[in-house]
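Structure file run-v1.cif with mmCIF, C-alpha atoms:
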```cif
data_coords
#
loop_
_atom_site.label_atom_id
_atom_site.label_comp_id
_atom_site.auth_asym_id
_atom_site.auth_seq_id
_atom_site.Cartn_x
_atom_site.Cartn_y
_atom_site.Cartn_z
CA MET A 1 172.38 100.72 77.16
CA ARG A 2 172.46 104.47 77.77
CA LEU A 3 173.34 106.76 74.88
CA SER A 4 175.11 109.53 76.76
CA SER A 5 178.40 110.02 74.89
CA ARG A 6 180.29 110.40 78.19
CA GLN A 7 178.92 107.08 79.49
CA LEU A 8 179.47 104.90 76.43
CA SER A 9 182.39 102.50 76.47
CA ASP A 10 184.63 101.94 73.47
CA ALA A 11 183.06 98.51 72.99
CA ASP A 12 179.54 100.03 72.97
CA ILE A 13 180.52 102.60 70.35
CA MET A 14 182.28 100.03 68.16
CA THR A 15 179.33 97.62 68.38
CA GLY A 16 176.89 100.43 67.54
CA ILE A 17 178.93 101.55 64.51
CA ARG A 18 179.28 98.01 63.25
CA ALA A 19 175.51 97.45 63.67
CA GLY A 20 174.69 99.55 60.62
CA GLY A 21 171.50 101.43 59.73
CA SER A 22 170.16 104.19 61.95
CA GLN A 23 171.95 102.60 64.91
CA ARG A 24 175.27 103.18 63.18
CA ARG A 25 174.46 106.82 62.44
CA LEU A 26 173.57 107.42 66.09
CA TYR A 27 176.83 105.93 67.36
CA GLU A 28 178.87 107.73 64.71
CA ASN A 29 177.42 111.00 66.00
CA LYS A 30 178.22 109.99 69.59
CA LEU A 31 181.83 109.24 68.67
CA TYR A 32 182.11 112.52 66.77
CA GLU A 33 180.73 114.53 69.70
CA LYS A 34 182.74 112.68 72.34
CA TYR A 35 186.13 113.76 70.96
CA GLN A 36 185.15 117.03 69.30
CA TYR A 37 187.36 118.88 71.78
CA LEU A 38 190.31 117.80 69.62
CA ILE A 39 189.44 120.66 67.25
CA THR A 40 190.34 123.32 69.83
CA ASP A 41 193.29 121.19 70.92
CA GLY A 42 194.54 121.17 67.32
CA VAL A 43 194.15 124.95 67.03
CA ARG A 44 196.27 125.39 70.15
CA LYS A 45 198.93 122.73 69.51
CA HIS A 46 199.31 122.86 65.73
CA ARG A 47 198.44 126.52 65.13
CA LEU A 48 195.92 125.70 62.44
CA THR A 49 192.72 127.67 61.99
CA GLU A 50 189.54 126.36 63.56
CA ASP A 51 188.13 125.59 60.09
CA GLU A 52 191.25 123.63 59.14
CA CYS A 53 191.12 121.66 62.41
CA ALA A 54 187.40 120.97 61.96
CA SER A 55 188.08 119.64 58.48
CA VAL A 56 190.98 117.52 59.73
CA TYR A 57 188.83 116.22 62.59
CA SER A 58 186.04 115.26 60.17
CA ASP A 59 188.54 113.38 58.00
CA THR A 60 189.90 111.70 61.13
CA VAL A 61 186.49 110.54 62.30
CA LEU A 62 185.60 109.24 58.82
CA ALA A 63 188.85 107.26 58.76
CA MET A 64 188.02 105.95 62.23
CA PHE A 65 184.57 104.78 61.08
CA ASP A 66 186.15 102.92 58.18
CA ASN A 67 188.75 101.34 60.45
CA ILE A 68 186.10 100.20 62.94
CA VAL A 69 183.81 98.72 60.28
CA SER A 70 186.64 97.00 58.41
CA ALA A 71 188.14 95.72 61.71
CA ARG A 72 191.48 97.43 61.07
CA PHE A 73 191.00 98.94 64.51
CA GLU A 74 191.46 95.86 66.66
CA GLY A 75 190.85 97.51 70.02
CA ARG A 76 194.41 97.07 71.29
CA SER A 77 194.31 100.72 72.37
CA GLU A 78 191.51 102.98 73.48
CA LEU A 79 189.46 104.72 70.80
CA LYS A 80 190.68 108.05 72.18
CA THR A 81 194.36 107.10 71.74
CA TYR A 82 193.83 105.75 68.23
CA LEU A 83 191.72 108.73 67.17
CA TYR A 84 194.21 111.19 68.66
CA GLN A 85 197.08 109.61 66.71
CA ILE A 86 195.18 109.78 63.42
CA PHE A 87 194.16 113.38 64.16
CA THR A 88 197.74 114.40 64.96
CA ASN A 89 199.07 112.79 61.78
CA LYS A 90 196.42 114.52 59.69
CA CYS A 91 197.23 117.88 61.35
CA VAL A 92 200.88 117.40 60.42
CA ASP A 93 199.79 116.58 56.85
CA GLU A 94 197.76 119.80 56.78
CA ILE A 95 200.77 121.80 57.99
CA ARG A 96 202.97 120.21 55.33
CA LYS A 97 200.37 120.96 52.68
CA LYS A 98 200.32 124.60 53.72
CA THR A 99 204.10 124.93 53.63
CA THR A 100 204.82 123.16 50.36
CA LYS A 101 205.48 124.90 47.10
CA ARG A 102 202.08 123.83 45.76
CA SER A 103 200.28 125.72 48.49
CA SER A 104 202.26 128.89 47.89
CA VAL A 105 200.97 128.98 44.32
CA HIS A 106 197.46 129.43 45.67
CA ASP A 107 198.53 132.16 48.11
CA ALA A 108 199.96 134.41 45.41
CA PHE A 109 198.69 137.96 45.13
CA SER A 110 195.81 138.48 42.76
CA LEU A 111 196.69 140.21 39.51
CA ASP A 112 193.01 141.05 39.08
CA ASP A 113 193.15 143.22 42.22
CA SER A 114 196.16 145.07 40.83
CA LEU A 115 194.41 145.56 37.49
CA LEU A 116 191.49 147.25 39.21
CA GLN A 117 193.81 150.09 40.19
CA LEU A 118 194.58 150.87 36.54
CA PRO A 119 192.46 153.13 34.34
CA ASP A 120 190.03 151.26 32.03
CA GLU A 121 192.10 151.64 28.84
CA ALA A 122 195.33 150.52 30.48
CA ARG A 123 193.53 147.63 32.19
CA SER A 124 192.14 146.24 28.92
CA ILE A 125 195.55 146.54 27.23
CA VAL A 126 197.28 144.70 30.11
CA GLN A 127 194.59 141.98 30.06
CA LYS A 128 195.06 141.48 26.32
CA LEU A 129 198.85 141.24 26.75
CA ILE A 130 198.48 138.68 29.53
CA ALA A 131 196.04 136.59 27.47
CA GLN A 132 198.34 136.78 24.44
CA SER A 133 201.36 135.77 26.54
CA ASP A 134 199.46 132.83 28.06
CA LEU A 135 198.32 131.69 24.62
CA GLU A 136 201.88 131.90 23.24
CA LYS A 137 203.18 129.82 26.16
CA LEU A 138 200.45 127.24 25.60
CA HIS A 139 201.25 126.89 21.90
CA LYS A 140 204.98 126.70 22.64
CA HIS A 141 204.46 123.88 25.15
CA LEU A 142 202.02 122.07 22.88
CA ASN A 143 204.56 122.12 20.06
CA GLU A 144 207.23 120.76 22.41
CA LEU A 145 205.00 117.76 23.22
CA GLY A 146 205.00 116.54 19.64
CA ASP A 147 202.47 116.30 16.85
CA LYS A 148 200.42 113.44 18.25
CA CYS A 149 199.94 114.97 21.71
CA ARG A 150 199.35 118.43 20.27
CA SER A 151 196.65 117.31 17.84
CA MET A 152 195.03 115.08 20.48
CA ILE A 153 194.81 117.90 23.06
CA LEU A 154 193.63 120.42 20.48
CA SER A 155 190.94 118.00 19.23
CA TRP A 156 189.79 117.38 22.77
CA GLY A 157 189.78 121.14 23.44
CA GLU A 158 187.57 121.65 20.41
CA GLY A 159 185.01 119.27 21.90
CA TYR A 160 185.77 115.98 20.15
CA SER A 161 185.00 112.89 22.20
CA ASP A 162 187.53 110.19 22.97
CA ASP A 163 185.69 107.92 20.52
CA GLU A 164 186.13 110.45 17.72
CA ILE A 165 189.78 111.02 18.65
CA ALA A 166 190.37 107.26 18.62
CA LEU A 167 188.90 106.95 15.13
CA THR A 168 190.79 109.87 13.58
CA MET A 169 194.13 109.07 15.23
CA GLY A 170 194.03 105.30 14.75
CA TYR A 171 193.69 104.09 18.37
CA ASN A 172 192.03 100.73 19.04
CA THR A 173 189.51 102.01 21.59
CA ALA A 174 188.30 105.22 23.19
CA ALA A 175 189.84 104.07 26.48
CA VAL A 176 193.30 103.92 24.88
CA ALA A 177 192.76 107.38 23.38
CA LYS A 178 191.65 108.71 26.75
CA THR A 179 194.70 107.26 28.53
CA SER A 180 197.00 108.75 25.89
CA ARG A 181 195.23 112.12 26.13
CA LEU A 182 195.53 112.15 29.92
CA ARG A 183 199.26 111.36 29.66
CA CYS A 184 199.67 114.23 27.22
CA LEU A 185 197.79 116.57 29.54
CA ASP A 186 200.04 115.49 32.44
CA LYS A 187 203.11 116.29 30.34
CA LEU A 188 201.65 119.69 29.51
CA ARG A 189 200.93 120.37 33.21
CA GLU A 190 204.51 119.41 34.10
CA ARG A 191 205.86 121.92 31.58
CA PHE A 192 203.72 124.68 33.10
CA ARG A 193 204.80 123.63 36.63
CA ASP A 194 208.46 123.85 35.61
CA ILE A 195 207.91 127.52 34.75
CA LEU A 196 206.61 128.26 38.25
#
```

Transcribe the structure of this file into structure tokens.
Amino acid sequence: MRLSSRQLSDADIMTGIRAGGSQRRLYENKLYEKYQYLITDGVRKHRLTEDECASVYSDTVLAMFDNIVSARFEGRSELKTYLYQIFTNKCVDEIRKKTTKRSSVHDAFSLDDSLLQLPDEARSIVQKLIAQSDLEKLHKHLNELGDKCRSMILSWGEGYSDDEIALTMGYNTAAVAKTSRLRCLDKLRERFRDIL
């Protein structure tokens, strides 16, 4: 069997990937190289950057490997068709991710850049005011969560382990304390998200 990526049939590639070991790695690389042109296609059709398309393509190929090995890909279509559909769906997901509210939070202007334009004295005063404001907001939201959540988060923030928190707060196990702490942290995150 020849290993030129242009000459390999879908069945050859699938058999090679399912074989495992170094054989699998070789055929995974052949599949990756065979349809790598989808990256430039994605840049043109979906108006994503080349880096974004390369990342989406890598995720697509990894999903394809999993689907071949687990036999979710049954071979009812060509590999190219199946791979193209996954790639297109993942490109759309990337576009949605970029246009959602969550993404816009990360694209905000940097306050640090604006602070650099201020004289040193004014900059340090503004930084102290921002830190004080953030701290006041944190304490306000912690108090709104209730005594149990507040003391649990503060204990965790001071470096106490889940075992120690479980003992002091009367939980049966550290796992229960951890689950409760994570729920409290989620509530705290939601309160900060509501502000944005």

Picked residues, the PyMOL selection byres ((chain A and resi 61-72) around 7), as a list in words: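 Output of the PyMOL selection byres ((chain A and resi 61-72) around 7): Met14, Arg18, Tyr32, Tyr57, Ser58, Asp59, Thr60, Phe73, Glu74 and Leu83 of chain A.
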
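Against this structure, the PyMOL selection byres ((chain A and resi 155-161) around 12) ends up with Asp147, Lys148, Cys149, Arg150, Ser151, Met152, Ile153, Leu154, Asp162, Asp163, Glu164, Ile165, Ala166, Leu167, Thr168, Met169, Thr173, Ala174, Ala175, Ala177, Lys178, Ser180, Arg181, Leu182, Cys184 and Leu185 of chain A.
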
Quick one: distance from atom CA of Glu52 of chain A to atom CA of Asp10 of chain A in Å, one decimal? 26.8 Å

For a test of reading the model, state the distance in Å between atom CA of Val56 of chain A and atom CA of Phe87 of chain A, rounded to one decimal.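 We find that atom CA of Val56 of chain A and atom CA of Phe87 of chain A lie 6.8 Å from each other.
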
Could you list, as a list in words, every residue within 12 Å of Ala54 of chain A, counting all atoms listed in the file and ignoring same-chain residues fewer than 5 positions away?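 Near neighbours after the sequence-gap exclusion: Tyr32, Tyr35, Gln36, Tyr37, Leu38, Ile39, Thr40, Asp41, Gly42, Val43, Leu48, Thr49, Asp59, Thr60, Val61, Phe87, Lys90, Cys91 and Glu94 of chain A.
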
Picked residues, the PyMOL selection byres ((chain A and resi 141) around 12), as a VMD selection string: chain A and resid 134 to 140 142 to 147 149 to 150 153 184 to 195

Polymer residues at most 8 Å from (184.5, 100.9, 70.5) by all atoms listed in the file, as a PyMOL selection string: chain A and resi 9-15+68+75+78-79

Work out how far apart atom CA of Ser55 of chain A and atom CA of Leu26 of chain A are and give it in Å to one decimal. 20.4 Å

Out of A:Lys45, A:Thr179, A:Leu8, A:Ser77, which residue has the shortest atom-to-atom distance to Tyr27 of chain A when counting all atoms listed in the file? A:Leu8

With only C-alpha atoms as the atoms that count, which of A:Gly21, A:Val176, A:Lys34, A:Ile95 lies nearest to Arg47 of chain A?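 Ranked by minimum distance to Arg47 of chain A, first place goes to A:Ile95.
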